[in-house]
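Everything below belongs to final-v9.txt, which stores compact mmCIF, N, CA, C and O atoms.
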# COMPACT_ATOMS: atom_id res chain seq x y z
N MET A 1 124.09 82.87 129.31
CA MET A 1 124.89 82.98 130.52
C MET A 1 125.74 81.72 130.66
O MET A 1 125.23 80.62 130.62
N GLU A 2 127.02 81.94 130.79
CA GLU A 2 127.94 80.82 130.94
C GLU A 2 128.22 80.58 132.42
O GLU A 2 128.56 81.49 133.17
N ILE A 3 128.03 79.33 132.84
CA ILE A 3 128.29 78.95 134.23
C ILE A 3 129.72 78.41 134.30
O ILE A 3 130.08 77.50 133.56
N LYS A 4 130.49 78.96 135.22
CA LYS A 4 131.91 78.63 135.25
C LYS A 4 132.32 77.72 136.40
O LYS A 4 133.31 77.02 136.30
N SER A 5 131.61 77.75 137.49
CA SER A 5 132.09 76.99 138.64
C SER A 5 130.97 76.15 139.26
O SER A 5 129.78 76.40 139.02
N ALA A 6 131.38 75.19 140.06
CA ALA A 6 130.41 74.35 140.78
C ALA A 6 129.57 75.20 141.72
O ALA A 6 128.37 74.97 141.86
N ALA A 7 130.16 76.21 142.32
CA ALA A 7 129.41 77.09 143.22
C ALA A 7 128.34 77.87 142.46
O ALA A 7 127.22 78.03 142.96
N GLU A 8 128.69 78.33 141.25
CA GLU A 8 127.69 79.04 140.44
C GLU A 8 126.54 78.11 140.04
O GLU A 8 125.38 78.51 140.05
N MET A 9 126.86 76.86 139.70
CA MET A 9 125.82 75.88 139.36
C MET A 9 124.91 75.65 140.56
O MET A 9 123.68 75.61 140.43
N TYR A 10 125.51 75.49 141.73
CA TYR A 10 124.75 75.26 142.95
C TYR A 10 123.81 76.44 143.23
O TYR A 10 122.63 76.26 143.51
N ASN A 11 124.33 77.64 143.15
CA ASN A 11 123.53 78.84 143.43
C ASN A 11 122.38 78.99 142.43
O ASN A 11 121.26 79.31 142.82
N LEU A 12 122.66 78.76 141.16
CA LEU A 12 121.62 78.87 140.14
C LEU A 12 120.54 77.80 140.35
O LEU A 12 119.35 78.07 140.24
N ALA A 13 120.96 76.59 140.71
CA ALA A 13 119.99 75.51 140.96
C ALA A 13 119.03 75.91 142.07
O ALA A 13 117.82 75.68 141.97
N GLY A 14 119.55 76.51 143.12
CA GLY A 14 118.69 76.94 144.22
C GLY A 14 117.69 78.00 143.79
O GLY A 14 116.55 78.02 144.26
N LYS A 15 118.10 78.86 142.87
CA LYS A 15 117.22 79.93 142.40
C LYS A 15 116.10 79.41 141.50
O LYS A 15 114.99 79.94 141.53
N ILE A 16 116.39 78.39 140.70
CA ILE A 16 115.38 77.93 139.74
C ILE A 16 114.62 76.69 140.19
O ILE A 16 113.75 76.19 139.48
N LEU A 17 114.91 76.19 141.38
CA LEU A 17 114.33 74.93 141.85
C LEU A 17 112.81 74.91 141.75
O LEU A 17 112.24 73.94 141.26
N ARG A 18 112.14 75.94 142.18
CA ARG A 18 110.67 75.96 142.15
C ARG A 18 110.13 76.12 140.72
O ARG A 18 109.08 75.62 140.41
N GLU A 19 110.88 76.81 139.88
CA GLU A 19 110.43 77.05 138.52
C GLU A 19 110.66 75.86 137.60
O GLU A 19 109.82 75.54 136.76
N ASP A 20 111.81 75.24 137.72
CA ASP A 20 112.18 74.14 136.83
C ASP A 20 112.97 73.10 137.61
O ASP A 20 114.20 73.11 137.63
N TYR A 21 112.24 72.20 138.25
CA TYR A 21 112.84 71.19 139.13
C TYR A 21 113.88 70.36 138.40
O TYR A 21 114.97 70.13 138.91
N ASP A 22 113.56 69.89 137.20
CA ASP A 22 114.48 69.02 136.46
C ASP A 22 115.79 69.74 136.12
O ASP A 22 116.87 69.17 136.27
N ALA A 23 115.68 70.99 135.69
CA ALA A 23 116.89 71.76 135.38
C ALA A 23 117.72 72.00 136.65
O ALA A 23 118.95 71.91 136.62
N ALA A 24 117.04 72.28 137.75
CA ALA A 24 117.75 72.50 139.01
C ALA A 24 118.47 71.23 139.45
O ALA A 24 119.63 71.28 139.86
N MET A 25 117.79 70.10 139.34
CA MET A 25 118.42 68.83 139.74
C MET A 25 119.62 68.53 138.85
O MET A 25 120.64 68.03 139.33
N ASP A 26 119.52 68.86 137.56
CA ASP A 26 120.65 68.66 136.66
C ASP A 26 121.83 69.53 137.08
O ASP A 26 122.98 69.07 137.09
N LEU A 27 121.56 70.78 137.44
CA LEU A 27 122.63 71.66 137.91
C LEU A 27 123.23 71.15 139.21
O LEU A 27 124.45 71.21 139.40
N TYR A 28 122.39 70.69 140.13
CA TYR A 28 122.92 70.11 141.37
C TYR A 28 123.83 68.92 141.06
O TYR A 28 124.89 68.77 141.66
N ARG A 29 123.40 68.06 140.12
CA ARG A 29 124.23 66.90 139.76
C ARG A 29 125.57 67.35 139.19
O ARG A 29 126.62 66.79 139.53
N GLN A 30 125.53 68.35 138.31
CA GLN A 30 126.78 68.85 137.72
C GLN A 30 127.69 69.43 138.80
O GLN A 30 128.91 69.20 138.79
N ALA A 31 127.11 70.21 139.69
CA ALA A 31 127.90 70.81 140.76
C ALA A 31 128.47 69.73 141.69
O ALA A 31 129.63 69.80 142.10
N ALA A 32 127.66 68.73 141.99
CA ALA A 32 128.14 67.62 142.83
C ALA A 32 129.26 66.87 142.14
O ALA A 32 130.27 66.53 142.77
N ASP A 33 129.11 66.63 140.84
CA ASP A 33 130.17 65.95 140.09
C ASP A 33 131.46 66.76 140.06
O ASP A 33 132.55 66.19 139.97
N ALA A 34 131.32 68.08 140.17
CA ALA A 34 132.49 68.96 140.21
C ALA A 34 133.06 69.10 141.62
O ALA A 34 134.02 69.83 141.83
N GLY A 35 132.43 68.40 142.60
CA GLY A 35 132.96 68.38 143.96
C GLY A 35 132.29 69.31 144.94
O GLY A 35 132.77 69.45 146.07
N ASN A 36 131.20 69.96 144.57
CA ASN A 36 130.52 70.88 145.49
C ASN A 36 129.71 70.08 146.51
O ASN A 36 128.72 69.45 146.17
N VAL A 37 130.14 70.11 147.75
CA VAL A 37 129.51 69.30 148.79
C VAL A 37 128.11 69.79 149.13
O VAL A 37 127.23 68.98 149.47
N ASP A 38 127.85 71.09 149.01
CA ASP A 38 126.51 71.59 149.25
C ASP A 38 125.52 71.01 148.24
O ASP A 38 124.39 70.68 148.58
N ALA A 39 125.96 70.88 147.00
CA ALA A 39 125.12 70.26 145.98
C ALA A 39 124.87 68.78 146.29
O ALA A 39 123.77 68.27 146.10
N MET A 40 125.90 68.12 146.80
CA MET A 40 125.73 66.71 147.19
C MET A 40 124.66 66.58 148.27
O MET A 40 123.83 65.67 148.23
N ILE A 41 124.71 67.48 149.23
CA ILE A 41 123.73 67.45 150.33
C ILE A 41 122.33 67.69 149.79
O ILE A 41 121.38 66.98 150.15
N GLU A 42 122.17 68.67 148.90
CA GLU A 42 120.86 68.94 148.32
C GLU A 42 120.35 67.72 147.55
O GLU A 42 119.18 67.37 147.66
N LEU A 43 121.21 67.10 146.77
CA LEU A 43 120.79 65.91 146.03
C LEU A 43 120.37 64.79 146.97
O LEU A 43 119.36 64.13 146.74
N MET A 44 121.16 64.57 148.02
CA MET A 44 120.82 63.52 148.97
C MET A 44 119.44 63.78 149.55
O MET A 44 118.61 62.87 149.64
N ARG A 45 119.17 65.03 149.94
CA ARG A 45 117.87 65.37 150.52
C ARG A 45 116.73 65.16 149.52
O ARG A 45 115.68 64.62 149.86
N HIS A 46 116.94 65.62 148.29
CA HIS A 46 115.89 65.48 147.28
C HIS A 46 115.66 64.02 146.91
O HIS A 46 114.52 63.58 146.76
N TYR A 47 116.73 63.27 146.75
CA TYR A 47 116.59 61.85 146.44
C TYR A 47 115.85 61.14 147.55
O TYR A 47 114.98 60.31 147.30
N ASP A 48 116.19 61.46 148.80
CA ASP A 48 115.54 60.81 149.93
C ASP A 48 114.05 61.19 149.98
O ASP A 48 113.20 60.33 150.17
N ALA A 49 113.74 62.45 149.76
CA ALA A 49 112.36 62.91 149.80
C ALA A 49 111.54 62.31 148.66
O ALA A 49 110.35 62.06 148.80
N ASP A 50 112.20 62.09 147.52
CA ASP A 50 111.50 61.54 146.36
C ASP A 50 111.55 60.01 146.31
O ASP A 50 111.15 59.41 145.33
N GLU A 51 112.08 59.42 147.36
CA GLU A 51 112.15 57.96 147.52
C GLU A 51 113.06 57.28 146.49
O GLU A 51 112.84 56.14 146.10
N PHE A 52 114.09 58.01 146.06
CA PHE A 52 115.14 57.39 145.26
C PHE A 52 116.22 56.95 146.24
O PHE A 52 117.32 57.47 146.27
N SER A 53 115.88 55.97 147.05
CA SER A 53 116.73 55.62 148.19
C SER A 53 118.12 55.16 147.78
O SER A 53 119.10 55.46 148.45
N GLU A 54 118.23 54.46 146.66
CA GLU A 54 119.54 54.00 146.23
C GLU A 54 120.42 55.20 145.84
O GLU A 54 121.59 55.26 146.20
N ASP A 55 119.84 56.16 145.12
CA ASP A 55 120.59 57.36 144.75
C ASP A 55 120.94 58.19 145.98
O ASP A 55 122.03 58.75 146.07
N ALA A 56 120.03 58.27 146.92
CA ALA A 56 120.28 59.01 148.15
C ALA A 56 121.42 58.37 148.93
O ALA A 56 122.29 59.06 149.45
N ALA A 57 121.42 57.05 149.00
CA ALA A 57 122.49 56.34 149.72
C ALA A 57 123.84 56.56 149.05
O ALA A 57 124.85 56.74 149.74
N LYS A 58 123.86 56.56 147.72
CA LYS A 58 125.12 56.80 147.01
C LYS A 58 125.63 58.21 147.29
O LYS A 58 126.83 58.42 147.48
N MET A 59 124.71 59.17 147.30
CA MET A 59 125.12 60.55 147.58
C MET A 59 125.60 60.67 149.03
O MET A 59 126.57 61.37 149.31
N ALA A 60 124.95 59.98 149.95
CA ALA A 60 125.38 59.99 151.35
C ALA A 60 126.80 59.46 151.47
O ALA A 60 127.62 60.02 152.21
N GLU A 61 127.12 58.42 150.71
CA GLU A 61 128.47 57.87 150.73
C GLU A 61 129.49 58.88 150.20
O GLU A 61 130.59 59.00 150.75
N ARG A 62 129.12 59.61 149.15
CA ARG A 62 130.03 60.64 148.62
C ARG A 62 130.26 61.74 149.66
O ARG A 62 131.39 62.23 149.81
N ILE A 63 129.21 62.12 150.35
CA ILE A 63 129.35 63.17 151.37
C ILE A 63 130.25 62.68 152.49
O ILE A 63 131.11 63.43 152.99
N VAL A 64 130.11 61.44 152.89
CA VAL A 64 130.96 60.88 153.95
C VAL A 64 132.42 60.83 153.49
O VAL A 64 133.33 61.08 154.28
N GLU A 65 132.65 60.55 152.21
CA GLU A 65 134.03 60.58 151.70
C GLU A 65 134.64 61.97 151.86
O GLU A 65 135.80 62.11 152.25
N VAL A 66 133.86 62.99 151.56
CA VAL A 66 134.33 64.37 151.74
C VAL A 66 134.58 64.64 153.22
O VAL A 66 135.61 65.21 153.60
N ALA A 67 133.65 64.21 154.06
CA ALA A 67 133.80 64.39 155.51
C ALA A 67 135.04 63.67 156.02
O ALA A 67 135.77 64.20 156.87
N ASP A 68 135.28 62.46 155.51
CA ASP A 68 136.47 61.71 155.91
C ASP A 68 137.74 62.47 155.56
O ASP A 68 138.72 62.47 156.32
N ALA A 69 137.73 63.15 154.41
CA ALA A 69 138.90 63.94 154.00
C ALA A 69 139.10 65.11 154.97
O ALA A 69 140.23 65.41 155.36
N TYR A 70 138.00 65.76 155.36
CA TYR A 70 138.11 66.83 156.36
C TYR A 70 138.66 66.28 157.68
O TYR A 70 139.50 66.90 158.32
N ARG A 71 138.18 65.11 158.06
CA ARG A 71 138.66 64.49 159.31
C ARG A 71 140.15 64.20 159.23
O ARG A 71 140.89 64.45 160.19
N ALA A 72 140.61 63.71 158.08
CA ALA A 72 142.03 63.42 157.90
C ALA A 72 142.88 64.68 158.00
O ALA A 72 144.04 64.62 158.42
N GLU A 73 142.29 65.81 157.64
CA GLU A 73 142.98 67.11 157.73
C GLU A 73 142.81 67.75 159.10
O GLU A 73 143.20 68.90 159.30
N ASN A 74 142.20 67.03 160.04
CA ASN A 74 141.92 67.52 161.39
C ASN A 74 140.93 68.67 161.42
O ASN A 74 140.92 69.46 162.36
N ASN A 75 140.08 68.77 160.41
CA ASN A 75 139.00 69.76 160.40
C ASN A 75 137.75 69.03 160.90
O ASN A 75 136.84 68.71 160.13
N LEU A 76 137.75 68.77 162.21
CA LEU A 76 136.68 67.96 162.80
C LEU A 76 135.34 68.65 162.79
O LEU A 76 134.30 68.00 162.65
N ASP A 77 135.32 69.98 162.90
CA ASP A 77 134.04 70.70 162.87
C ASP A 77 133.31 70.46 161.55
O ASP A 77 132.12 70.17 161.54
N LYS A 78 134.04 70.60 160.45
CA LYS A 78 133.42 70.41 159.14
C LYS A 78 133.05 68.94 158.94
O LYS A 78 131.98 68.64 158.39
N ALA A 79 133.90 68.02 159.38
CA ALA A 79 133.60 66.59 159.24
C ALA A 79 132.33 66.25 160.00
O ALA A 79 131.44 65.57 159.47
N VAL A 80 132.23 66.71 161.24
CA VAL A 80 131.04 66.43 162.05
C VAL A 80 129.80 67.03 161.39
O VAL A 80 128.74 66.40 161.34
N GLU A 81 129.92 68.25 160.88
CA GLU A 81 128.78 68.89 160.21
C GLU A 81 128.26 68.01 159.07
O GLU A 81 127.05 67.82 158.93
N LEU A 82 129.16 67.47 158.26
CA LEU A 82 128.75 66.64 157.13
C LEU A 82 128.22 65.28 157.59
O LEU A 82 127.22 64.79 157.04
N TYR A 83 128.88 64.68 158.57
CA TYR A 83 128.36 63.41 159.11
C TYR A 83 126.94 63.61 159.65
O TYR A 83 126.07 62.75 159.47
N GLU A 84 126.71 64.74 160.31
CA GLU A 84 125.38 65.01 160.87
C GLU A 84 124.33 65.18 159.77
O GLU A 84 123.19 64.78 159.95
N GLU A 85 124.72 65.80 158.65
CA GLU A 85 123.79 65.93 157.52
C GLU A 85 123.33 64.56 157.05
O GLU A 85 122.16 64.34 156.78
N VAL A 86 124.27 63.65 156.94
CA VAL A 86 123.97 62.29 156.49
C VAL A 86 123.17 61.54 157.54
O VAL A 86 122.17 60.89 157.24
N ALA A 87 123.57 61.66 158.78
CA ALA A 87 122.89 60.96 159.87
C ALA A 87 121.45 61.48 160.05
O ALA A 87 120.57 60.71 160.44
N ALA A 88 121.22 62.75 159.76
CA ALA A 88 119.89 63.34 159.93
C ALA A 88 118.84 62.64 159.07
O ALA A 88 117.65 62.64 159.41
N LEU A 89 119.28 62.02 157.98
CA LEU A 89 118.36 61.26 157.13
C LEU A 89 118.43 59.76 157.43
O LEU A 89 117.98 58.95 156.64
N ASP A 90 119.00 59.43 158.57
CA ASP A 90 119.08 58.05 159.06
C ASP A 90 119.93 57.12 158.21
O ASP A 90 119.69 55.91 158.18
N PHE A 91 120.93 57.66 157.53
CA PHE A 91 121.85 56.79 156.82
C PHE A 91 122.89 56.29 157.83
O PHE A 91 123.54 57.08 158.50
N LYS A 92 123.01 55.00 157.91
CA LYS A 92 123.88 54.37 158.92
C LYS A 92 125.32 54.83 158.81
O LYS A 92 126.00 54.98 159.83
N ILE A 93 125.78 55.08 157.61
CA ILE A 93 127.18 55.46 157.43
C ILE A 93 127.50 56.76 158.18
O ILE A 93 128.56 56.89 158.78
N GLY A 94 126.59 57.71 158.18
CA GLY A 94 126.80 58.96 158.92
C GLY A 94 126.74 58.75 160.41
O GLY A 94 127.56 59.28 161.17
N ILE A 95 125.78 57.95 160.83
CA ILE A 95 125.63 57.63 162.26
C ILE A 95 126.87 56.90 162.77
O ILE A 95 127.40 57.22 163.84
N GLN A 96 127.37 55.94 161.98
CA GLN A 96 128.56 55.18 162.38
C GLN A 96 129.77 56.08 162.54
O GLN A 96 130.54 55.94 163.49
N ARG A 97 129.95 57.01 161.59
CA ARG A 97 131.12 57.90 161.68
C ARG A 97 131.03 58.79 162.92
O ARG A 97 132.04 59.02 163.60
N LEU A 98 129.85 59.27 163.23
CA LEU A 98 129.68 60.07 164.45
C LEU A 98 129.98 59.24 165.69
O LEU A 98 130.65 59.72 166.62
N GLU A 99 129.51 58.00 165.71
CA GLU A 99 129.78 57.12 166.86
C GLU A 99 131.27 56.90 167.03
O GLU A 99 131.79 56.89 168.16
N ILE A 100 132.00 56.75 165.92
CA ILE A 100 133.45 56.54 166.00
C ILE A 100 134.12 57.77 166.59
O ILE A 100 134.98 57.66 167.48
N LEU A 101 133.73 58.96 166.13
CA LEU A 101 134.32 60.19 166.68
C LEU A 101 134.06 60.33 168.17
O LEU A 101 134.95 60.69 168.93
N PHE A 102 132.82 60.04 168.57
CA PHE A 102 132.48 60.16 169.99
C PHE A 102 133.22 59.11 170.82
O PHE A 102 133.64 59.40 171.93
N ALA A 103 133.39 57.92 170.28
CA ALA A 103 134.14 56.88 170.98
C ALA A 103 135.59 57.27 171.16
O ALA A 103 136.24 56.91 172.15
N GLU A 104 136.12 58.02 170.20
CA GLU A 104 137.50 58.50 170.27
C GLU A 104 137.63 59.74 171.17
O GLU A 104 138.72 60.23 171.40
N GLY A 105 136.49 60.23 171.66
CA GLY A 105 136.51 61.38 172.54
C GLY A 105 136.66 62.71 171.82
O GLY A 105 137.13 63.69 172.40
N ARG A 106 136.28 62.77 170.57
CA ARG A 106 136.43 64.01 169.79
C ARG A 106 135.14 64.77 169.75
O ARG A 106 134.10 64.36 169.82

Could I get this structure in the form of structure tokens?
Amino acid sequence: MEIKSAAEMYNLAGKILREDYDAAMDLYRQAADAGNVDAMIELMRHYDADEFSEDAAKMAERIVEVADAYRAENNLDKAVELYEEVAALDFKIGIQRLEILFAEGR
């Protein structure tokens, strides 16, 4: 089976996660590298749960970069959603971005 898109990698990773954790994580990494933000979120969560805090923090920063791009496009709903994902794991960068939006009255 040939995987063609980041979305396909992400979906397959979710299906095989319980059966083959390492293969699923590899697919999530590939999908994240291809720009799939859902894969980035999954990696951040798994890294945080597995205490790979440095990797989790790096993934949180990538997610915030994507959120910042949504914010620049005035897609505040999507930006807030991503900032909240990062903030939910207590990464300061997500919390700070939310504070900035609220200070701006958005």

Item to complete: Counting only N, CA, C and O atoms, note down every residue that has an atom within 8 Å of the point (132.1, 61.9, 163.5) (file coordinates), as a PyMOL selection string.
Response: chain A and resi 67+76+79-84+93-103+106

Discussion item. Report as a PyMOL selection string all protein, DNA and RNA residues lying within 12 Å of Asn36 (chain A), evaluated on only C-alpha atoms, omitting residues in the same chain fewer than 2 positions from it.
Written reply: chain A and resi 5-11+27-34+38-43+59+62-63+66

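Picture a line from CA of Ala69 (chain A) to CA of Glu104 (chain A); it runs 17.2 Å.
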
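Proximity to Ala49 (chain A) was assessed for A:Val64, A:Leu12, A:Ala24, A:Leu89 counting only C-alpha atoms; the smallest distance is recorded for A:Leu89.
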
Item to complete: Return as a ChimeraX atom specification the full set of residues in chain A whose backbone-based DSSP assignment is helix (DSSP H, G or I).
Response: /A:6-16,21-33,37-49,53-72,76-88,92-103

Worksheet, complete the sentence: Taken to one decimal, the atom C of Asp22 (chain A)-atom O of Phe52 (chain A) distance is 16.0 Å

Fill in: Atomic separation - CA of Ala60 (chain A) relative to CA of Asp77 (chain A), Å
18.0 Å

Emit a file covering region 10-57 of chain A of the preceding structure with C-alpha atoms, as a PDB file, in the first residue's frame.
ATOM      1  CA  TYR A  10      -1.933  10.529   9.982  1.00  0.00           C
ATOM      2  CA  ASN A  11      -5.006   8.324   9.555  1.00  0.00           C
ATOM      3  CA  LEU A  12      -2.960   5.139   9.226  1.00  0.00           C
ATOM      4  CA  ALA A  13      -0.907   6.039  12.310  1.00  0.00           C
ATOM      5  CA  GLY A  14      -4.090   6.348  14.338  1.00  0.00           C
ATOM      6  CA  LYS A  15      -5.257   2.937  13.158  1.00  0.00           C
ATOM      7  CA  ILE A  16      -2.034   1.090  13.987  1.00  0.00           C
ATOM      8  CA  LEU A  17      -1.069   2.954  17.166  1.00  0.00           C
ATOM      9  CA  ARG A  18      -2.088   0.153  19.548  1.00  0.00           C
ATOM     10  CA  GLU A  19      -0.629  -2.581  17.354  1.00  0.00           C
ATOM     11  CA  ASP A  20       2.714  -1.011  16.466  1.00  0.00           C
ATOM     12  CA  TYR A  21       3.532   2.107  18.477  1.00  0.00           C
ATOM     13  CA  ASP A  22       6.922   2.701  16.828  1.00  0.00           C
ATOM     14  CA  ALA A  23       5.509   2.475  13.306  1.00  0.00           C
ATOM     15  CA  ALA A  24       2.639   4.785  14.248  1.00  0.00           C
ATOM     16  CA  MET A  25       5.018   7.342  15.745  1.00  0.00           C
ATOM     17  CA  ASP A  26       7.127   7.186  12.580  1.00  0.00           C
ATOM     18  CA  LEU A  27       4.036   7.871  10.473  1.00  0.00           C
ATOM     19  CA  TYR A  28       3.035  10.749  12.749  1.00  0.00           C
ATOM     20  CA  ARG A  29       6.553  12.207  12.347  1.00  0.00           C
ATOM     21  CA  GLN A  30       6.362  11.886   8.570  1.00  0.00           C
ATOM     22  CA  ALA A  31       2.928  13.483   8.478  1.00  0.00           C
ATOM     23  CA  ALA A  32       4.080  16.287  10.786  1.00  0.00           C
ATOM     24  CA  ASP A  33       7.127  16.881   8.597  1.00  0.00           C
ATOM     25  CA  ALA A  34       4.752  17.144   5.641  1.00  0.00           C
ATOM     26  CA  GLY A  35       2.823  19.864   7.511  1.00  0.00           C
ATOM     27  CA  ASN A  36      -0.099  17.926   9.000  1.00  0.00           C
ATOM     28  CA  VAL A  37      -0.987  19.845  12.160  1.00  0.00           C
ATOM     29  CA  ASP A  38      -3.080  17.000  13.592  1.00  0.00           C
ATOM     30  CA  ALA A  39       0.017  14.803  13.484  1.00  0.00           C
ATOM     31  CA  MET A  40       1.999  17.545  15.218  1.00  0.00           C
ATOM     32  CA  ILE A  41      -0.585  17.621  18.004  1.00  0.00           C
ATOM     33  CA  GLU A  42      -0.484  13.838  18.402  1.00  0.00           C
ATOM     34  CA  LEU A  43       3.309  13.884  18.575  1.00  0.00           C
ATOM     35  CA  MET A  44       3.284  16.672  21.141  1.00  0.00           C
ATOM     36  CA  ARG A  45       0.847  14.692  23.301  1.00  0.00           C
ATOM     37  CA  HIS A  46       2.807  11.449  23.009  1.00  0.00           C
ATOM     38  CA  TYR A  47       6.147  13.118  23.636  1.00  0.00           C
ATOM     39  CA  ASP A  48       4.721  14.865  26.690  1.00  0.00           C
ATOM     40  CA  ALA A  49       3.163  11.656  28.032  1.00  0.00           C
ATOM     41  CA  ASP A  50       6.390   9.744  27.458  1.00  0.00           C
ATOM     42  CA  GLU A  51       8.431  12.493  29.153  1.00  0.00           C
ATOM     43  CA  PHE A  52      10.329  13.507  26.040  1.00  0.00           C
ATOM     44  CA  SER A  53       9.848  17.073  27.181  1.00  0.00           C
ATOM     45  CA  GLU A  54      12.372  18.617  24.805  1.00  0.00           C
ATOM     46  CA  ASP A  55      10.726  16.948  21.794  1.00  0.00           C
ATOM     47  CA  ALA A  56       7.286  17.911  23.081  1.00  0.00           C
ATOM     48  CA  ALA A  57       8.377  21.535  23.454  1.00  0.00           C
TER      49      ALA A  57
END
